[in-house]
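Asks: Below is one structure. I have some questions about it.
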2 protein chains.
Amino acid sequence: MKEEFALLPPTAQGGFFFFEITAAWLVEADRTYDVHRHNTGRELILIHTEAGQGELRLADGRRITLAAGDFFAVSGAELHRYRTTAAPWRFSWWAGHPYGAIPFELCRPYRAEFPDGPAKAAAVLPGLRAPDARRRRLAMAEFQELLWHWIPESGGEDSRIAAALEYMHYHLDAPCRVEALARSCGLSVRHFRRCFEAETGKSPKQYGDELKLQTALGLLRNRDRTLKEIAAALGYSSSFHLSNAIRKRFGAAPKTLRRQPEGGPDGTSRSAT
Amino acid sequence: MKEEFALLPPTAQGGFFFFEITAAWLVEADRTYDVHRHNTGRELILIHTEAGQGELRLADGRRITLAAGDFFAVSGAELHRYRTTAAPWRFSWWAGHPYGAIPFELCRPYRAEFPDGPAKAAAVLPGLRAPDARRRRLAMAEFQELLWHWIPESGGEDSRIAAALEYMHYHLDAPCRVEALARSCGLSVRHFRRCFEAETGKSPKQYGDELKLQTALGLLRNRDRTLKEIAAALGYSSSFHLSNAIRKRFGAAPKTLRRQPEGGPDGTSRSAT
């Protein structure tokens with residue numbers, strides 16, 4: 001049997017966000033384009049500028065300039081006027097209802113480099129117009145994807161330690177060697193430790209151990225692997241060491257945790273075959 | 001100024017659905033693979049078979065066979081056992097929390113032809129493992145897209161009239177000629193009318209008029225077009241005719257509707273320039 005997996009521990013589950021589009025526009029606006037909004041919709045408006053430049057005026061008087069690559073989200077009630085400041089101003093405009101927690105800041109321009117954006121935005125529109133509900137839903141899913149390309153940053157993560165985090169997440173069976181991790185980030189060990197702790201609230205060793213133990217818990221609950229197999233997959237020298245670490249972290253033996261549904265997706269065990 | 005648009009009237013807004021993945025697996029199972037589930041998670045499980053064949057046993061004793069291309073969704077509490085019946089059984093398994101209204105039936109196999117599915121499923125997994133929250137969210141958005149490919153049907157739409165609906169939605173400026181629409185579906189006019197009314201609850205003329213008037217309402221509220229421009233875009237012979245049709249349908253003059261926020265995404269009007 002071969003398998004690949006991805007387990008998201010509760011700490012990595014970011015809740016959900018879905019933007020239901022009610023109206024979408026691709027506009028190429030000339031220099032005379034100057035729109036005064038007369039009513040104050042309850043919807044959220046997302047704007048992405050492809051080329052040229054536009055200016056928005058908000059309810060509080062602020063002026064926001066949107067240049068090529070800029071993504072901007074604003075409540076319909078707050079947007080009073082928008083106009084071209086460098087023609088042609090090419091932008092896409094998405095009005096709709098947000099569900100869940102909005103995972104980006106409103107009224108703050110994001111600058112994204114995503115060359116496929118314009119083509120993908122144009123491809124979403126025909127899907128939204130389709131008579132078939134499934135195709136409209138597919139188009140909305142395509143838009144969610146686009147959204148994550150337009151918002152290049154996530155919660156202010158420290159990019160200096162990104163390479164180390166990446167390595168740790170994709171090499172669960174590797175030992176946590178701080179020197180090698182620091183080198184992969186181009187930082188001294190001391191500086192790396194400081195950045196890492198400031199960002200994650202844990203030392204590299206603590207973070208790595210927690211990542212492995214959370215994965216072990218998911219594997220115990222989700223699949224039919226033996227403890228020995230799980231220990232090998234996570235770089236523990238023996239199932240004895242893993243078992244001890246699990247008891248210490250979760251306060252229960254692996255066998256007990258395997259049968260507990262709480263907190264994990266589900267639990268299975270392989271029958272004797 | 002050039003623009004393209006898509007407006008979704010409230011009737012076409014299907015609510016939202018988001019599946020937050022908590023665990024994903026790509027499994028290639030040999031013939032000895034036989035999993036007894038010991039606990040009953042609260043999560044929803046989605047299974048897609050790529051090759052081979054497996055058998056699921058549900059809590060009520062039912063046995064479900066999943067062959068290549070089959071997609072199946074089941075509550076974690078109801079799935080008791082699953083095993084290979086034609087090796088190798090290659091499947092992907094997605095556990096997680098559904099948000100919104102689940103837009104497909106549980107415990108019912110869907111058969112989808114989507115050759116890119118296996119590659120796309122494999123591409124989602126590394127994203128889910130990424131340390132970066134934005135990349136995990138992007139991977140989840142990619143999965144929503146995959147989901148719509150795996151569920152080929154939407155609410156039992158009558159495929160015999162699909163070509164006519166498609167034409168009407170993509171040619172809003174065209175007149176509604178029942179003979180031509182019937183021909184595009186390969187049906188006699190009488191048969192076409194009957195199928196169309198059974199499916200949509202409206203005659204082709206009523207459906208086409210409603211589609212145009214809902215679009216006119218959206219255009220009035222969302223953009224700075226004149227009534228004359230809207231009439232031309234929707235194939236009305238004059239703004240006078242459109243204005244009359246709008247009054248009759250919505251009980252108010254276009255000018256009044258333009259300033260009403262209720263029901264439409266928002267309203268704008270072009271300043272004199």
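All residue names refer to the structure tokens as shown: chains lettered A, B, ... in order, residues numbered from 1 in each chain, ligands numbered from 1 in order.
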Quick one: residues within 8 Å of stretch 74-82 of chain B, only C-alpha atoms, excluding same-chain residues fewer than 5 positions away - as an mmCIF file with C-alpha atoms, in the first residue's frame?
Replies:
data_model
loop_
_atom_site.group_PDB
_atom_site.id
_atom_site.type_symbol
_atom_site.label_atom_id
_atom_site.label_comp_id
_atom_site.auth_asym_id
_atom_site.auth_seq_id
_atom_site.Cartn_x
_atom_site.Cartn_y
_atom_site.Cartn_z
ATOM 1 C CA ASP A 266 -11.809 10.211 12.841
ATOM 2 C CA ASP B 34 -9.726 -3.748 4.898
ATOM 3 C CA VAL B 35 -10.345 -0.969 7.374
ATOM 4 C CA HIS B 36 -12.750 -1.209 10.313
ATOM 5 C CA ARG B 37 -13.522 2.179 11.717
ATOM 6 C CA HIS B 38 -13.609 2.328 15.480
ATOM 7 C CA ASN B 39 -14.883 5.744 16.151
ATOM 8 C CA THR B 40 -17.535 7.869 14.641
ATOM 9 C CA GLY B 41 -16.161 11.261 13.745
ATOM 10 C CA ARG B 42 -18.445 14.202 13.220
ATOM 11 C CA GLU B 43 -16.774 15.051 9.977
ATOM 12 C CA LEU B 44 -17.896 14.629 6.430
ATOM 13 C CA ILE B 45 -15.868 12.233 4.304
ATOM 14 C CA LEU B 46 -15.525 12.615 0.546
ATOM 15 C CA GLY B 54 -13.565 -0.567 -3.246
ATOM 16 C CA GLU B 55 -16.523 -1.446 -1.105
ATOM 17 C CA LEU B 56 -17.910 0.627 1.749
ATOM 18 C CA ARG B 57 -20.166 -0.684 4.502
ATOM 19 C CA LEU B 58 -22.455 1.816 6.113
ATOM 20 C CA ALA B 59 -23.966 1.863 9.596
ATOM 21 C CA ASP B 60 -27.336 0.699 8.270
ATOM 22 C CA LEU B 106 -24.862 12.049 0.766
ATOM 23 C CA CYS B 107 -24.580 8.269 0.404
#
Asks: Among stretch 11-144 of chain A, which ones does DSSP place in helix (DSSP H, G or I), written as number ranges by chain?
Replies: A: 11-12, 76-78, 117-129, 133-144
Asks: Could you dump the residues just selected with N, CA and C atoms as a compact mmCIF listing (two decimals), in the first residue's frame?
Replies:
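Output saved as selection38.txt:
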# COMPACT_ATOMS: atom_id res chain seq x y z
N THR A 11 -4.86 23.90 14.97
CA THR A 11 -4.17 25.20 14.97
C THR A 11 -3.94 25.72 13.56
N ALA A 12 -3.89 24.82 12.57
CA ALA A 12 -3.63 25.25 11.19
C ALA A 12 -4.92 25.45 10.41
N GLY A 76 -19.54 48.23 0.31
CA GLY A 76 -20.30 49.03 -0.64
C GLY A 76 -20.72 50.37 -0.05
N ALA A 77 -21.00 50.38 1.24
CA ALA A 77 -21.47 51.59 1.89
C ALA A 77 -20.39 52.66 1.96
N GLU A 78 -19.15 52.25 1.90
CA GLU A 78 -18.05 53.21 2.11
C GLU A 78 -17.49 53.81 0.84
N GLY A 117 -3.64 36.55 -13.74
CA GLY A 117 -4.87 37.11 -13.18
C GLY A 117 -5.90 37.58 -14.19
N PRO A 118 -5.50 38.49 -15.12
CA PRO A 118 -6.49 39.01 -16.06
C PRO A 118 -7.18 37.91 -16.87
N ALA A 119 -6.40 36.93 -17.35
CA ALA A 119 -6.98 35.84 -18.14
C ALA A 119 -7.94 35.02 -17.28
N LYS A 120 -7.55 34.76 -16.04
CA LYS A 120 -8.40 33.96 -15.16
C LYS A 120 -9.68 34.72 -14.80
N ALA A 121 -9.54 36.02 -14.56
CA ALA A 121 -10.73 36.82 -14.25
C ALA A 121 -11.70 36.79 -15.42
N ALA A 122 -11.16 36.93 -16.64
CA ALA A 122 -12.02 36.92 -17.82
C ALA A 122 -12.69 35.56 -18.01
N ALA A 123 -12.01 34.51 -17.56
CA ALA A 123 -12.56 33.16 -17.72
C ALA A 123 -13.68 32.88 -16.71
N VAL A 124 -13.69 33.61 -15.61
CA VAL A 124 -14.72 33.38 -14.59
C VAL A 124 -16.09 33.88 -15.06
N LEU A 125 -16.09 35.02 -15.79
CA LEU A 125 -17.36 35.66 -16.15
C LEU A 125 -18.35 34.78 -16.92
N PRO A 126 -17.91 34.10 -17.99
CA PRO A 126 -18.90 33.27 -18.71
C PRO A 126 -19.51 32.19 -17.81
N GLY A 127 -18.70 31.66 -16.90
CA GLY A 127 -19.21 30.64 -15.98
C GLY A 127 -20.30 31.19 -15.08
N LEU A 128 -20.13 32.44 -14.63
CA LEU A 128 -21.13 33.05 -13.76
C LEU A 128 -22.45 33.27 -14.51
N ARG A 129 -22.36 33.42 -15.83
CA ARG A 129 -23.58 33.66 -16.61
C ARG A 129 -24.27 32.38 -17.05
N ALA A 133 -26.46 25.64 -12.63
CA ALA A 133 -26.03 26.03 -11.29
C ALA A 133 -24.64 25.48 -10.96
N ARG A 134 -24.37 24.26 -11.44
CA ARG A 134 -23.07 23.67 -11.13
C ARG A 134 -21.94 24.47 -11.77
N ARG A 135 -22.14 24.95 -12.99
CA ARG A 135 -21.11 25.74 -13.66
C ARG A 135 -20.93 27.11 -13.00
N ARG A 136 -22.02 27.68 -12.50
CA ARG A 136 -21.88 28.94 -11.76
C ARG A 136 -21.05 28.71 -10.49
N ARG A 137 -21.30 27.59 -9.83
CA ARG A 137 -20.56 27.28 -8.61
C ARG A 137 -19.08 27.03 -8.90
N LEU A 138 -18.82 26.37 -10.02
CA LEU A 138 -17.44 26.13 -10.42
C LEU A 138 -16.73 27.47 -10.67
N ALA A 139 -17.42 28.38 -11.35
CA ALA A 139 -16.85 29.70 -11.61
C ALA A 139 -16.55 30.41 -10.29
N MET A 140 -17.44 30.28 -9.31
CA MET A 140 -17.20 30.93 -8.01
C MET A 140 -15.99 30.31 -7.31
N ALA A 141 -15.82 29.00 -7.46
CA ALA A 141 -14.66 28.33 -6.87
C ALA A 141 -13.38 28.83 -7.55
N GLU A 142 -13.44 29.02 -8.87
CA GLU A 142 -12.28 29.55 -9.59
C GLU A 142 -11.94 30.94 -9.07
N PHE A 143 -12.99 31.70 -8.75
CA PHE A 143 -12.74 33.05 -8.23
C PHE A 143 -12.06 33.02 -6.87
N GLN A 144 -12.46 32.09 -6.00
CA GLN A 144 -11.81 32.01 -4.67
C GLN A 144 -10.31 31.80 -4.85
Asks: Point out the residue among B:Ile64, B:Ile21, B:Ala253, B:Leu242 with the least atom-to-atom distance to B:Lys212, counting only C-alpha atoms.
Replies: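 For B:Lys212, the nearest of the candidates is B:Leu242.
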Asks: If you run DSSP over the backbone, which residues in stretch 39-184 of chain B end up strand (DSSP E)? Put them as a PyMOL selection string.
Replies: chain B and resi 44-58+63-67+70-75+79-100+110-111
Asks: Quick one: of A:His171, A:His48, A:Arg194, A:Lys2, who's nearest to chain B, counting only C-alpha atoms?
Replies: A:Lys2
Asks: Using atom CA of A:Ala112 and atom CA of A:Arg62 as the two end points, give the distance in Å to one decimal.
Replies: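 Computing the Euclidean distance for atom CA of A:Ala112 and atom CA of A:Arg62 yields 22.2 Å.
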Asks: Enter the distance from atom CA of A:Leu7 to atom CA of A:Glu210, in Å, rounded to one decimal.
Replies: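 Atom CA of A:Leu7 sits 13.3 Å away from atom CA of A:Glu210.
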Asks: For a quick check of understanding, using only C-alpha atoms, which of B:Ala73, B:Ala68, B:Leu165, B:Leu234 has the smallest distance to chain A?
Replies: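 So, comparing all the options, the nearest one is B:Leu165.
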Asks: Which residues are near stretch 200-203 of chain A? Cut-off 10 Å, only C-alpha atoms, ignore same chain within fewer than 5 positions. Put them as a short mmCIF file (atom, residue, chain, number, x, y, z; two decimals) with N, CA and C atoms, in the first residue's frame.
Replies:
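To be explicit, this is the file written out as selection.cif:
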data_model
loop_
_atom_site.label_atom_id
_atom_site.label_comp_id
_atom_site.auth_asym_id
_atom_site.auth_seq_id
_atom_site.Cartn_x
_atom_site.Cartn_y
_atom_site.Cartn_z
N GLU A 157 3.47 37.01 8.20
CA GLU A 157 4.49 36.02 8.54
C GLU A 157 5.89 36.56 8.23
N ASP A 158 6.81 36.17 9.05
CA ASP A 158 8.18 36.63 8.88
C ASP A 158 8.83 35.83 7.75
N ILE A 161 12.15 33.46 7.99
CA ILE A 161 12.23 32.07 8.46
C ILE A 161 11.37 31.12 7.60
N LEU A 165 10.57 26.93 7.92
CA LEU A 165 9.22 26.40 8.15
C LEU A 165 8.85 25.44 7.02
N VAL A 178 19.03 22.80 14.20
CA VAL A 178 18.89 24.26 14.16
C VAL A 178 19.94 24.90 13.26
N PHE A 192 18.48 33.51 13.95
CA PHE A 192 17.41 32.62 13.50
C PHE A 192 16.50 32.24 14.66
N ARG A 193 17.11 31.84 15.78
CA ARG A 193 16.31 31.47 16.96
C ARG A 193 15.40 32.62 17.39
N ARG A 194 15.98 33.81 17.38
CA ARG A 194 15.20 34.97 17.84
C ARG A 194 14.02 35.23 16.90
N CYS A 195 14.29 35.22 15.58
CA CYS A 195 13.21 35.44 14.60
C CYS A 195 12.16 34.35 14.72
N GLY A 208 9.09 21.95 15.92
CA GLY A 208 9.25 20.70 15.17
C GLY A 208 8.63 19.52 15.90
N ASP A 209 8.84 19.46 17.22
CA ASP A 209 8.27 18.36 18.01
C ASP A 209 6.74 18.41 17.96
N GLU A 210 6.19 19.61 18.12
CA GLU A 210 4.74 19.75 18.12
C GLU A 210 4.15 19.35 16.76
#
Asks: Which residue, B:Pro98, B:Gly61, B:Gly69, B:Pro88, has the smallest gap to B:Phe114 when you use only C-alpha atoms?
Replies: B:Gly69
Asks: Considering only C-alpha atoms, return as number ranges by chain whatever protein or nucleic-acid residues lie within 8 Å of B:Arg90, sequence-local ones (same chain, fewer than 2 positions apart) excluded.
Replies: B: 26-29, 49-53, 88, 92
Asks: Choose the residue, out of B:Leu66, B:Ile246, B:Ala95, B:Ala198, that has the smallest atom-to-atom separation from chain A; count only C-alpha atoms.
Replies: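 Closest to chain A of all the choices is B:Ala95.
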Asks: Between B:Leu219, B:Ala164, B:Ile230, B:Ile47, which is the closest to A:Trp25 once you count only C-alpha atoms?
Replies: B:Leu219
Asks: Hey, what's within 8 Å of A:Ile151 if we count only C-alpha atoms and toss same-chain stuff fewer than 6 positions away? As a count of residues only, please?
Replies: 5
